[in-house]
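Colleague: Take this structure, written in C-alpha cells, and hold onto it; I'll ask about it next.
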Amino acid sequence: MKNVIFNIDGMSCVVCSGTCKKALLALDGVKRADVNFASGKAVVEYDDKKLTEDDLAAAVAKAGYKARFEKKTEEKPKADKEFVFTLLRVVLGAALLLWSMLPMLGVPYPSAISPEGNPFVYSLVQIILCVPVMALSYKIYFRGYRNLFRLDPNMDSLVAVSTTAAFVYSVYGFVLICGGDAHAAHQLYFESAAVILALISLGKYLENRALKKTGKAIEELTRLAPDYATVLRDGAFVQVSSSEVVAGDVVRVAAGESFCCDGIIIKGSSAIQESMITGESLPVDKTVGDNVIGGTINGNGVVEFKATGVGADTMLSKIITLVENAQNSRAPIAKLADKVSKVFVPAVMAIAVIASVIWAIVGKDSAFVIKIFVSVLTIACPCALGLATPTAIITGSGNGAKMGVLFKNAEALEQTAHVNTVVFDKTGTITEGVPRVVRVYAVDGDENGLLALCASLESSSAHPLAKAVTDHAKEKGVAVTAAEGVENLSGFGLSATVEGKKVLCGKSALLTQNGVDITPIQKYLDECYDSGSSVIAVAEGGKALGCIALADGVKQNAAEAVEALKKLGVKTVMLTGDNAKAAAYIAKQVGIDEVVSEVLPEGKADKIKQLKESGAYVAMVGDGINDAPALTEAQVGIAVGEGSDVAIESADVVLVGGDVRAVADAIELGRATLRNVKENLFWAFIYNVLGIPFACGVVYALGGVLLSPMIAGLAMSCSSVCVVLNALRLTYFKPKRLKNAQKCVIIDEKEQQSEVCTAGCPLKKDNVMKSEIKVNGMMCAHCEARVNKAVLALDGVKSCQASVANGSVNVEYDESKVSLQAIKDAIKAQDYEVVD
C-alpha cells in the first residue's frame with residue numbers, strides 16, 4: 001500500500017470534496033481517501049500494484065476536477081491572474097450597480113441614456129457590463145450545472161441557477177423593451193447577477209488568501225532546512241546542495257548556520273537552538289556524541305557531525321509529514337457538517353422553488369418572484385459550513401507543530417480536547433530513567449571514604465547502579481583504589497579484596513549471608529526503603545560501614561506538568577511496574593493524584609480499560625516499548641519524543657522535545673481548537689437559519705424587509721471569510737505556561753528580593769542579559785542565518801535566534817563584554833533595520 005498527498009483544483013464547497021472522495025473510493029485498490037475542501041488536498045492510501053497516480057487523477061477528472069501531484073507549482077502567476085479576474089468582476093459589477101441604481105436614487109440621467117428617455121440604450125449598457133462578469137465566472141456555471149445534472153448539486157449549482165434565472169428574466173425584459181414596453185426597464189436584474197458573482201468571487205479570493213495563512217506552519221517548517229551544506233569530500237570541505245548530502249557524510253556547521261539533516265556530533269561543541277523543532281526557547285548545550293536535528297540552528301561554536309538521517313528520514317521531514325496528515329484528515333465533528341451539507345443544497349433549492357410558487361400564487365409579479373428565488377439560492381450557499389472544521393484543524397495542528405506538539409490526525413486533536421484523566425508511565429516519563437546517587441550514609445561519617453571503597457568494586461561492573469556510583473565518585477573527585485579478585489555474585493552484588501581486606505557491596509542480604517551484622521546501618525536501610533530508593537550496602541573486613549541510596553531522579557518539569565494539568569481540571573494517575581514504595585515516593589514529589597504500581601505491560605492496558613469503563617476520557621503518556629499497549633488502548637496516546645520508535649508509532653500525539661509540560665499544552669490547544677470549530681459551526685448554522693426566512697419573504701410578509709439578492713451575496717461571502725478569520729485566531733494561541741514565560745524575574749542580589757517585571761524586558765542574571773530586538777527586512781531562512789552569524793561573532797554573545805515570522809532577534813549576552821547597541825549595530829551592518 002502507498003500513501004500520496006496531492007492537490008485538487010476546482011472545489012468550491014464541501015459537497016465538491018465529498019464528490020471527489022466518492023470518485024476516489026470507487027476505484028478498486030483505494031483503501032482510504034480523505035479530501036479536504038479548506039486545504040484543497042487529498043490524502044489517498046492505495047494499492048500501487050493495482051493503481052497509479054494517473055488513475056487517481058483520471059478519477060478526479062471524471063468527477064469534474066483537476067488533480068495536481070506536483071508539490072512545486074507556479075502559485076504566484078496563478079494568484080496574480082486570479083486577482084486580475086476578481087478585480088475585473090468587481091469593477092464591472094460596481095459599474096453596473098451604479099448604472100442601474102442611480103436613477104432609482106434620483107440622480108438625473110441625460111434623456112439619451114435614461115430608462116425613461118431611451119430604455120433600449122439603458123438596458124443594453126447593462127447587458128454589456130453583465131456578460132463579461134458571467135463569462136469570467138464560466139467555471140461556476142460549468143461545475144454548477146454539471147453537478148446539478150448528476151443530481152449532486154453543490155454551492156456552484158446554487159449560484160449558477162440563481163444568476164442564470166436573474167439573467168434570463170432580464171433578457172426577457174430586454175426583449176420586451178425592444179418590442180416597445182418601456183416599463184420593463186425598471187424590472188431588470190442584470191445587476192443582481194453581476195454583483196452576486198462579483199461579491200462571491202471577491203469573498204472566495206479573500207477566503208483563499210486567508211486559508212493560505214492557516215497552512216503557514218508547513219511553509220515555515222519546510223524553510224528550516226538550509227539550501228546548502230559544507231561537506232567533507234575527497235579530504236576537503238566543499239559546499240554542496242543539501243539534497244546531495246548522504247548518510248555517512250561529515251558536515252561542518254559554522255556559528256549561526258542551520259543543520260541540513262540529522263546526525264551525531266564528532267567534533268566541537270556548541271549551544272544549539274532547537275525551539276523551532278521542540279518548542280523550547282532555551283539553547284541546548286551539545287558536544288561530541290550528542291544528536292543534532294536538521295533545521296535547528298548552531299550557536300556560537302563550529303561543529304562537525306556525521307549525517308545519519310537525510311531526506312525523508314530526517315526528523316524535520318517526519319514532522320512535516322505528520323502535520324500534513326493531520327491537516328488533511330477529518331475530525332469526527334466534521335461529519336456533522338458533511339451530513340448537513342449533503343441534504344442542505346437540495347433542500348435549499350426546494351425551498352427556493354416553493355417560496356417562489358407561493359408568492360406567485362398570492363399575486364406577486366414575476367419580478368418579485370424572481371427576486372425571492374435568487375435571494376434564497378444565494379444566501380444559503382454552504383461555504384461557511386464546509387470551512388468551519390477544516391480551517392480550525394489546519395491552524396490548530398500547525399500551531400501545535402510550532403509548540404513541539406504533533407497531532408497525527410484531526411481525530412487526535414479533537415479527542416485531546418475531551419481528556420479529563422492523564423495516566424503517566426513513571427520511568428523515562430515522570431523520571432529521568434537513569435539511576436543516580438541521592439545519599440551516602442557512613443557509620444563513621446567518612447562518606448567520601450565509603451564512596452571510594454564502593455566505587456573501586458563497582459568500576460568493574462556494567463550494571464546501571466554501578467555506573468551511577470562510579471559517576472558520582474568522579475563528580476565528587478574521589479580517588480578510587482583498584483580492587484583485586486572482583487567476583488560478581490549474581491542477584492546479590494560484588495565481592496573483592498581492597499588493600500588486603502575483603503569488601504562486600506550489594507544487597508543487605510549479601511552482608512547477612514556472609515555473617516556481617518547490619519544492625520549499625522539498619523536505620524539507614526529503613527530510611528532508604530521508605531523513600532523507595534535502591535540500596536547498596538557496604539561492608540569491609542566483616543564490618544558494616546554504611547550504604548549508598550540510589551534513585552531514578554524526577555524530571556525537572558514533572559511537578560510543574562502535573563500542576564498545570566490540575567489547573568485544567570484533569571485527574572493524574574501514575575502507572576508503573578516499580579514497587580509500591582518507590583512509586584508512592586515519586587508520586588508524592590510531583591503531586592500525582594493516584595498511583596498504580598507493580599503492573600506488567602499487559603496490565604497497564606487493562607488499567608486503562610478500567611478507567612475508560614468508569615467514565616474517564618483517558619490520555620496515556622509513555623516513552624517505552626512496554627507502554628505501547630496502553631498507548632493504543634487509551635482514547636489519546638501521547639509519546640514523549642525521546643522515547644522509542646514503537647511508542648511514537650503507537651501514539652496519537654508526539655511531544656517532540658520530551659517535555660511532559662507539553663501534555664497540558666496539547667490539551668489546552670485541543671480544547672481551544674474544538675471551541676473554535678464549535679464557534680464556526682454556530683455562526684455557519686445561525687447565519688443560514690436567520691438568512692433564509694429573510695430571503696424567502698417570511699419577514700416581509702410580517703411587515704418587515706425583503707432581502708435583496710445583492711445583500712444575500714454579500715452576506716454569504718462575508719460569512720465564509722469570517723469563519724476563516726475566526727480560525728486564524730488559533731495562530732496566536734499560547735498555552736498558559738508559555739504566556740507566563742513572557743514575564744521575567746530580576747533578582748537583586750544585595751536586597752535578596754525578586755521583582756516580576758512586564759513582558760519583553762531584559763532578564764538579568766549576574767551579567768547575563770536576555771533581550772528581544774525588533775528587526776525589519778528579514779525575508780527568509782538565509783536572512784535569519786546571516787543575522788545569527790553576525791551577532792554570534794561578537795565576543796560575549798551566548799545565543800541568538802532570529803525569527804522571520806516574529807520579525808525579531810532574541811539574544812542572550814554578557815553585558816560586561818558586549819553592549820546591546822553593539823548587537824544592534826551588527827544587525828544593521830547586515831542591511832536590516834532595527835526598530836527602537
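So you can find residues: chains in the C-alpha cells are A, B, ... in the order shown, residues in each start at 1, and ligands are numbered from 1 in order.
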Quick one: everything within 10 Å of Val503 (chain A), counting only C-alpha atoms, minus sequence neighbours fewer than 4 positions away in the same chain. Send it as a PyMOL selection string.
Modeller: chain A and resi 453-454+456-457+483+486+494-499+511+538-544
Colleague: Kindly export the residues of the current selection with all heavy atoms, as a compact mmCIF listing (two decimals), in the first residue's frame.
Modeller:
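Just written: selection.txt:
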```txt
# COMPACT_ATOMS: atom_id res chain seq x y z
N LEU A 453 35.46 3.30 48.37
CA LEU A 453 35.56 1.86 48.54
C LEU A 453 34.54 1.14 47.64
O LEU A 453 34.87 0.16 46.97
CB LEU A 453 35.32 1.49 50.01
CG LEU A 453 35.57 0.04 50.40
CD1 LEU A 453 37.03 -0.34 50.18
CD2 LEU A 453 35.19 -0.18 51.88
N CYS A 454 33.31 1.65 47.64
CA CYS A 454 32.26 1.02 46.82
C CYS A 454 32.58 1.18 45.33
O CYS A 454 32.43 0.24 44.55
CB CYS A 454 30.91 1.66 47.14
SG CYS A 454 29.52 0.91 46.28
N SER A 456 35.41 1.37 43.91
CA SER A 456 36.53 0.52 43.49
C SER A 456 36.04 -0.83 43.01
O SER A 456 36.63 -1.45 42.12
CB SER A 456 37.53 0.36 44.65
OG SER A 456 36.93 -0.35 45.72
N LEU A 457 34.94 -1.34 43.58
CA LEU A 457 34.35 -2.60 43.13
C LEU A 457 33.42 -2.38 41.93
O LEU A 457 33.47 -3.10 40.95
CB LEU A 457 33.56 -3.27 44.26
CG LEU A 457 34.35 -4.18 45.23
CD1 LEU A 457 35.25 -3.34 46.13
CD2 LEU A 457 33.39 -5.02 46.08
N ALA A 483 40.54 -2.65 42.88
CA ALA A 483 40.11 -3.83 43.64
C ALA A 483 40.66 -5.08 42.98
O ALA A 483 40.82 -5.14 41.76
CB ALA A 483 38.59 -3.89 43.70
N VAL A 486 37.69 -9.34 41.86
CA VAL A 486 36.27 -8.97 41.90
C VAL A 486 35.42 -10.14 41.44
O VAL A 486 35.66 -10.73 40.39
CB VAL A 486 35.99 -7.73 41.02
CG1 VAL A 486 34.50 -7.41 41.03
CG2 VAL A 486 36.81 -6.54 41.48
N LEU A 494 28.63 -7.61 44.62
CA LEU A 494 30.02 -7.86 44.29
C LEU A 494 30.85 -8.15 45.54
O LEU A 494 30.55 -7.64 46.62
CB LEU A 494 30.62 -6.65 43.56
CG LEU A 494 29.96 -6.21 42.25
CD1 LEU A 494 30.55 -4.89 41.79
CD2 LEU A 494 30.12 -7.28 41.17
N SER A 495 31.91 -8.97 45.32
CA SER A 495 32.86 -9.27 46.40
C SER A 495 34.26 -9.09 45.83
O SER A 495 34.52 -9.45 44.68
CB SER A 495 32.66 -10.70 46.90
OG SER A 495 33.70 -11.07 47.77
N ALA A 496 35.17 -8.49 46.62
CA ALA A 496 36.54 -8.26 46.13
C ALA A 496 37.45 -8.02 47.32
O ALA A 496 37.01 -7.95 48.48
CB ALA A 496 36.57 -7.09 45.17
N THR A 497 38.75 -7.88 47.01
CA THR A 497 39.75 -7.55 48.04
C THR A 497 40.35 -6.18 47.72
O THR A 497 40.79 -5.93 46.60
CB THR A 497 40.86 -8.60 48.07
OG1 THR A 497 40.28 -9.89 48.33
CG2 THR A 497 41.88 -8.27 49.15
N VAL A 498 40.33 -5.32 48.74
CA VAL A 498 40.90 -3.97 48.58
C VAL A 498 41.88 -3.74 49.73
O VAL A 498 41.51 -3.80 50.90
CB VAL A 498 39.81 -2.89 48.59
CG1 VAL A 498 40.45 -1.50 48.47
CG2 VAL A 498 38.80 -3.12 47.48
N GLU A 499 43.17 -3.56 49.34
CA GLU A 499 44.25 -3.35 50.32
C GLU A 499 44.26 -4.45 51.37
O GLU A 499 44.37 -4.20 52.58
CB GLU A 499 44.10 -1.98 50.97
CG GLU A 499 44.28 -0.82 49.98
CD GLU A 499 44.16 0.54 50.65
OE1 GLU A 499 43.73 0.62 51.82
OE2 GLU A 499 44.50 1.54 49.99
N LEU A 511 25.32 -9.15 52.89
CA LEU A 511 26.10 -8.95 54.11
C LEU A 511 25.71 -9.98 55.17
O LEU A 511 26.58 -10.61 55.80
CB LEU A 511 25.89 -7.54 54.66
CG LEU A 511 26.81 -6.43 54.10
CD1 LEU A 511 26.63 -6.27 52.59
CD2 LEU A 511 26.56 -5.10 54.81
N VAL A 538 27.51 -1.66 52.13
CA VAL A 538 28.97 -1.85 52.03
C VAL A 538 29.52 -2.38 53.36
O VAL A 538 29.19 -1.87 54.44
CB VAL A 538 29.67 -0.53 51.67
CG1 VAL A 538 31.17 -0.76 51.51
CG2 VAL A 538 29.08 0.07 50.40
N ALA A 539 30.34 -3.42 53.23
CA ALA A 539 31.00 -3.97 54.42
C ALA A 539 32.47 -4.22 54.10
O ALA A 539 32.82 -4.55 52.96
CB ALA A 539 30.33 -5.27 54.86
N GLU A 540 33.35 -4.05 55.11
CA GLU A 540 34.78 -4.30 54.94
C GLU A 540 35.30 -5.05 56.14
O GLU A 540 35.04 -4.66 57.29
CB GLU A 540 35.54 -2.98 54.78
CG GLU A 540 37.05 -3.18 54.54
CD GLU A 540 37.80 -1.86 54.54
OE1 GLU A 540 37.51 -1.00 55.42
OE2 GLU A 540 38.66 -1.67 53.67
N GLY A 541 36.01 -6.16 55.86
CA GLY A 541 36.58 -6.93 56.95
C GLY A 541 35.55 -7.45 57.92
O GLY A 541 35.80 -7.52 59.13
N GLY A 542 34.34 -7.80 57.41
CA GLY A 542 33.27 -8.34 58.24
C GLY A 542 32.52 -7.32 59.04
O GLY A 542 31.72 -7.68 59.91
N LYS A 543 32.72 -6.03 58.75
CA LYS A 543 32.07 -4.96 59.49
C LYS A 543 31.27 -4.06 58.54
O LYS A 543 31.79 -3.63 57.51
CB LYS A 543 33.12 -4.14 60.24
CG LYS A 543 32.55 -3.01 61.09
CD LYS A 543 33.67 -2.25 61.78
CE LYS A 543 33.14 -1.10 62.60
NZ LYS A 543 34.23 -0.32 63.23
N ALA A 544 29.99 -3.78 58.90
CA ALA A 544 29.16 -2.92 58.06
C ALA A 544 29.62 -1.48 58.19
O ALA A 544 29.69 -0.94 59.30
CB ALA A 544 27.70 -3.04 58.46
```
Colleague: Tell me which protein, DNA and RNA residues are within 8 Å of region 781-790 of chain A, counting only C-alpha atoms, leaving out same-chain ones fewer than 4 positions away, and put them as number ranges by chain.
Modeller: A: 223-224, 226, 255-258, 794, 800-804, 826-827, 830
Colleague: Where does DSSP see strand (DSSP E) in region 361-424 of chain A, if you list the residues as a list in words?
Modeller: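 DSSP-assigned strand (DSSP E) residues in region 361-424 of chain A: Val405, Leu406, Phe407, Thr421, Val422, Val423 and Phe424 of chain A.
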Colleague: For a test of reading the model, state the distance in Å between CA of Pro520 (chain A) and CA of Lys588 (chain A), rounded to one decimal.
Modeller: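 According to the coordinates, CA of Pro520 (chain A) and CA of Lys588 (chain A) are separated by 29.2 Å.
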Colleague: Give me the residues of region 101-176 of chain A that have any atom at most 10 Å from an atom of region 183-197 of chain A; for each, the nearest atom pair and the distance in Å, rounded to one decimal. Use only C-alpha atoms, sort by chain and number, and format it as a tab-separated table.
Modeller:
```
residue	atom	partner	partner_atom	distance
A:Met101	CA	A:Glu191	CA	8.9
A:Pro103	CA	A:His186	CA	9.8
A:Met104	CA	A:His186	CA	9.1
A:Ser114	CA	A:Ala185	CA	9.6
A:Pro115	CA	A:Ala185	CA	5.9
A:Glu116	CA	A:Ala185	CA	8.0
A:Asn118	CA	A:Ala185	CA	9.4
A:Pro119	CA	A:Ala185	CA	5.8
A:Phe120	CA	A:Ala185	CA	8.1
A:Tyr122	CA	A:Ala185	CA	7.7
A:Ser123	CA	A:Ala185	CA	6.6
A:Gln126	CA	A:Phe190	CA	6.4
A:Ile127	CA	A:Phe190	CA	6.8
A:Ile128	CA	A:Phe190	CA	9.9
A:Leu129	CA	A:Ala194	CA	8.2
A:Cys130	CA	A:Ala194	CA	5.4
A:Val131	CA	A:Ala194	CA	8.1
A:Pro132	CA	A:Ala194	CA	8.9
A:Val133	CA	A:Ala194	CA	5.9
A:Met134	CA	A:Ala194	CA	6.8
A:Leu136	CA	A:Leu197	CA	9.4
A:Ser137	CA	A:Leu197	CA	7.2
A:Ile140	CA	A:Leu197	CA	9.1
A:Val159	CA	A:Leu197	CA	7.8
A:Ala160	CA	A:Leu197	CA	9.2
A:Ser162	CA	A:Ala193	CA	7.8
A:Thr163	CA	A:Ala193	CA	4.6
A:Thr164	CA	A:Ala193	CA	7.4
A:Ala165	CA	A:Ala193	CA	8.6
A:Ala166	CA	A:Tyr189	CA	5.5
A:Phe167	CA	A:Phe190	CA	5.7
A:Val168	CA	A:Phe190	CA	9.0
A:Tyr169	CA	A:Tyr189	CA	7.4
A:Ser170	CA	A:Leu188	CA	4.7
A:Val171	CA	A:Leu188	CA	8.0
A:Tyr172	CA	A:Leu188	CA	8.9
A:Gly173	CA	A:Ala184	CA	5.5
A:Phe174	CA	A:Ala184	CA	7.3
A:Val175	CA	A:Ala184	CA	9.1
A:Leu176	CA	A:Ala184	CA	6.6
```
Colleague: For Ala247 (chain A), which residue out of A:Gln273, A:Asn680, A:Thr314, A:Thr230 is the nearest one, using only C-alpha atoms?
Modeller: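 Residue with the minimum atom-to-atom distance to Ala247 (chain A): A:Thr314.
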Colleague: Neighbouring residues of Ala616 (chain A) were defined as those with any atom within 12 Å, considering only C-alpha atoms; residues of the same chain fewer than 3 positions away were excluded. Please report them as a list of chain:residue names.
Modeller: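 Contacts, with the query itself left out: A:His418, A:Val419, A:Asn420, A:Thr421, A:Val422, A:Val423, A:Val570, A:Lys571, A:Thr572, A:Val573, A:Lys607, A:Ile608, A:Lys609, A:Gln610, A:Leu611, A:Lys612, A:Glu613, A:Ala619, A:Met620, A:Ala634, A:Gln635, A:Val636.
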Colleague: Mind giving me the straight-line distance from CA of Lys566 (chain A) to CA of Lys734 (chain A) in Å, one decimal?
Modeller: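 Answer for the CA of Lys566 (chain A) to CA of Lys734 (chain A) separation: 18.0 Å.
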Colleague: Might you pull out every residue within 7 Å of Ile638 (chain A), with only C-alpha atoms counted and same-chain residues fewer than 5 positions away left off, and present them as a PyMOL selection string?
Modeller: chain A and resi 619-622+631+651-654
Colleague: Keeping only N, CA, C and O atoms, take the residues you just selected and write them out as an mmCIF file, in the first residue's frame.
Modeller:
```cif
data_model
loop_
_atom_site.group_PDB
_atom_site.id
_atom_site.type_symbol
_atom_site.label_atom_id
_atom_site.label_comp_id
_atom_site.auth_asym_id
_atom_site.auth_seq_id
_atom_site.Cartn_x
_atom_site.Cartn_y
_atom_site.Cartn_z
ATOM 1 N N ALA A 619 -5.965 9.918 28.542
ATOM 2 C CA ALA A 619 -4.754 10.095 27.735
ATOM 3 C C ALA A 619 -3.630 9.367 28.463
ATOM 4 O O ALA A 619 -3.442 9.547 29.662
ATOM 5 N N MET A 620 -2.904 8.499 27.754
ATOM 6 C CA MET A 620 -1.779 7.765 28.318
ATOM 7 C C MET A 620 -0.491 8.390 27.814
ATOM 8 O O MET A 620 -0.315 8.587 26.609
ATOM 9 N N VAL A 621 0.426 8.715 28.736
ATOM 10 C CA VAL A 621 1.705 9.315 28.370
ATOM 11 C C VAL A 621 2.813 8.322 28.681
ATOM 12 O O VAL A 621 2.960 7.882 29.828
ATOM 13 N N GLY A 622 3.589 7.938 27.665
ATOM 14 C CA GLY A 622 4.661 6.964 27.887
ATOM 15 C C GLY A 622 5.792 7.152 26.907
ATOM 16 O O GLY A 622 5.725 7.963 25.982
ATOM 17 N N LEU A 631 -0.772 2.824 25.327
ATOM 18 C CA LEU A 631 -0.925 3.983 24.432
ATOM 19 C C LEU A 631 -2.023 3.727 23.409
ATOM 20 O O LEU A 631 -2.791 4.620 23.060
ATOM 21 N N ALA A 651 1.354 6.014 19.338
ATOM 22 C CA ALA A 651 0.698 7.172 19.939
ATOM 23 C C ALA A 651 -0.076 7.991 18.911
ATOM 24 O O ALA A 651 0.134 7.890 17.709
ATOM 25 N N ASP A 652 -0.993 8.823 19.433
ATOM 26 C CA ASP A 652 -1.761 9.755 18.600
ATOM 27 C C ASP A 652 -1.121 11.137 18.591
ATOM 28 O O ASP A 652 -1.305 11.910 17.660
ATOM 29 N N VAL A 653 -0.400 11.432 19.685
ATOM 30 C CA VAL A 653 0.246 12.737 19.844
ATOM 31 C C VAL A 653 1.698 12.499 20.221
ATOM 32 O O VAL A 653 1.994 11.615 21.028
ATOM 33 N N VAL A 654 2.604 13.270 19.638
ATOM 34 C CA VAL A 654 4.032 13.145 19.943
ATOM 35 C C VAL A 654 4.546 14.468 20.491
ATOM 36 O O VAL A 654 4.342 15.520 19.887
#
```
Colleague: Find the residues near Asp9 (chain A): any atom within 7 Å, counting only C-alpha atoms, skip ones fewer than 3 places away on the same chain, and give them as JSON, numbers by chain.
Modeller: {"A": [40, 65, 66, 67]}
Colleague: Could those residues be written to a file, using N, CA and C atoms, as a compact mmCIF listing (two decimals), in the first residue's frame?
Modeller:
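Once everything was written out, this is selection_16.txt:
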```
# COMPACT_ATOMS: atom_id res chain seq x y z
N GLY A 40 -7.62 22.11 0.05
CA GLY A 40 -7.58 21.76 -1.37
C GLY A 40 -6.73 20.54 -1.64
N TYR A 65 -12.98 17.64 -11.71
CA TYR A 65 -11.97 18.45 -11.03
C TYR A 65 -10.58 18.06 -11.56
N LYS A 66 -9.58 18.77 -11.11
CA LYS A 66 -8.23 18.52 -11.62
C LYS A 66 -7.29 18.17 -10.47
N ALA A 67 -6.56 17.07 -10.61
CA ALA A 67 -5.60 16.64 -9.60
C ALA A 67 -4.21 17.12 -10.00
```
Colleague: In Å, rounded to a single decimal, give me how far CA of Lys581 (chain A) is from CA of Asp526 (chain A).
Modeller: 11.6 Å
Colleague: Near Val253 (chain A), within 10 Å and counting only C-alpha atoms, which residues show up once chain neighbours fewer than 2 positions away are dropped, as a list in words?
Modeller: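 So the residues in contact are Ala229, Thr230, Val231, Val251, Ala255, Gly256, Glu257, Ser258, Phe259, Cys260, Ile297, Asn298, Gly299, Gly301, Val302, Val303, Glu304 and Phe305 of chain A.
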Colleague: Do a neighbour search on Lys567 (chain A) at 12 Å with only C-alpha atoms, toss out local chain neighbours closer than 2 positions, and write the hits as a tab-separated table (two decimals) with N, CA and C atoms, in the first residue's frame.
Modeller:
```
chain	number	residue	atom	x	y	z
A	420	ASN	N	-9.97	14.09	30.38
A	420	ASN	CA	-10.14	14.53	31.78
A	420	ASN	C	-9.28	13.72	32.75
A	560	GLU	N	5.72	20.59	37.68
A	560	GLU	CA	5.05	21.71	37.01
A	560	GLU	C	4.02	21.18	36.02
A	561	ALA	N	4.34	20.08	35.34
A	561	ALA	CA	3.41	19.48	34.37
A	561	ALA	C	2.14	18.99	35.07
A	562	VAL	N	2.30	18.33	36.20
A	562	VAL	CA	1.15	17.82	36.95
A	562	VAL	C	0.30	18.97	37.47
A	563	GLU	N	0.94	20.01	37.97
A	563	GLU	CA	0.22	21.18	38.48
A	563	GLU	C	-0.59	21.84	37.37
A	564	ALA	N	-0.01	21.93	36.16
A	564	ALA	CA	-0.71	22.54	35.03
A	564	ALA	C	-1.96	21.74	34.66
A	565	LEU	N	-1.85	20.41	34.75
A	565	LEU	CA	-3.00	19.55	34.44
A	565	LEU	C	-4.10	19.72	35.48
A	569	GLY	N	-8.30	20.97	35.45
A	569	GLY	CA	-9.34	20.07	35.94
A	569	GLY	C	-9.13	18.63	35.53
A	570	VAL	N	-7.89	18.26	35.25
A	570	VAL	CA	-7.57	16.90	34.80
A	570	VAL	C	-7.00	16.08	35.94
A	571	LYS	N	-7.52	14.88	36.11
A	571	LYS	CA	-7.02	13.96	37.13
A	571	LYS	C	-5.73	13.30	36.62
A	572	THR	N	-4.75	13.09	37.52
A	572	THR	CA	-3.49	12.47	37.12
A	572	THR	C	-3.30	11.12	37.82
A	664	ALA	N	-0.09	19.25	29.02
A	664	ALA	CA	-1.11	20.27	29.30
A	664	ALA	C	-1.28	21.21	28.11
A	665	ASP	N	-0.16	21.52	27.44
A	665	ASP	CA	-0.23	22.38	26.25
A	665	ASP	C	-1.12	21.73	25.19
A	667	ILE	N	-3.53	19.52	25.58
A	667	ILE	CA	-4.94	19.54	25.99
A	667	ILE	C	-5.53	20.93	25.81
A	668	GLU	N	-4.78	21.96	26.21
A	668	GLU	CA	-5.25	23.34	26.04
A	668	GLU	C	-5.49	23.66	24.56
A	736	LYS	N	-1.01	28.41	28.74
A	736	LYS	CA	-0.81	29.29	29.90
A	736	LYS	C	0.65	29.39	30.32
A	737	ARG	N	1.37	28.26	30.25
A	737	ARG	CA	2.75	28.29	30.73
A	737	ARG	C	3.64	29.15	29.84
```
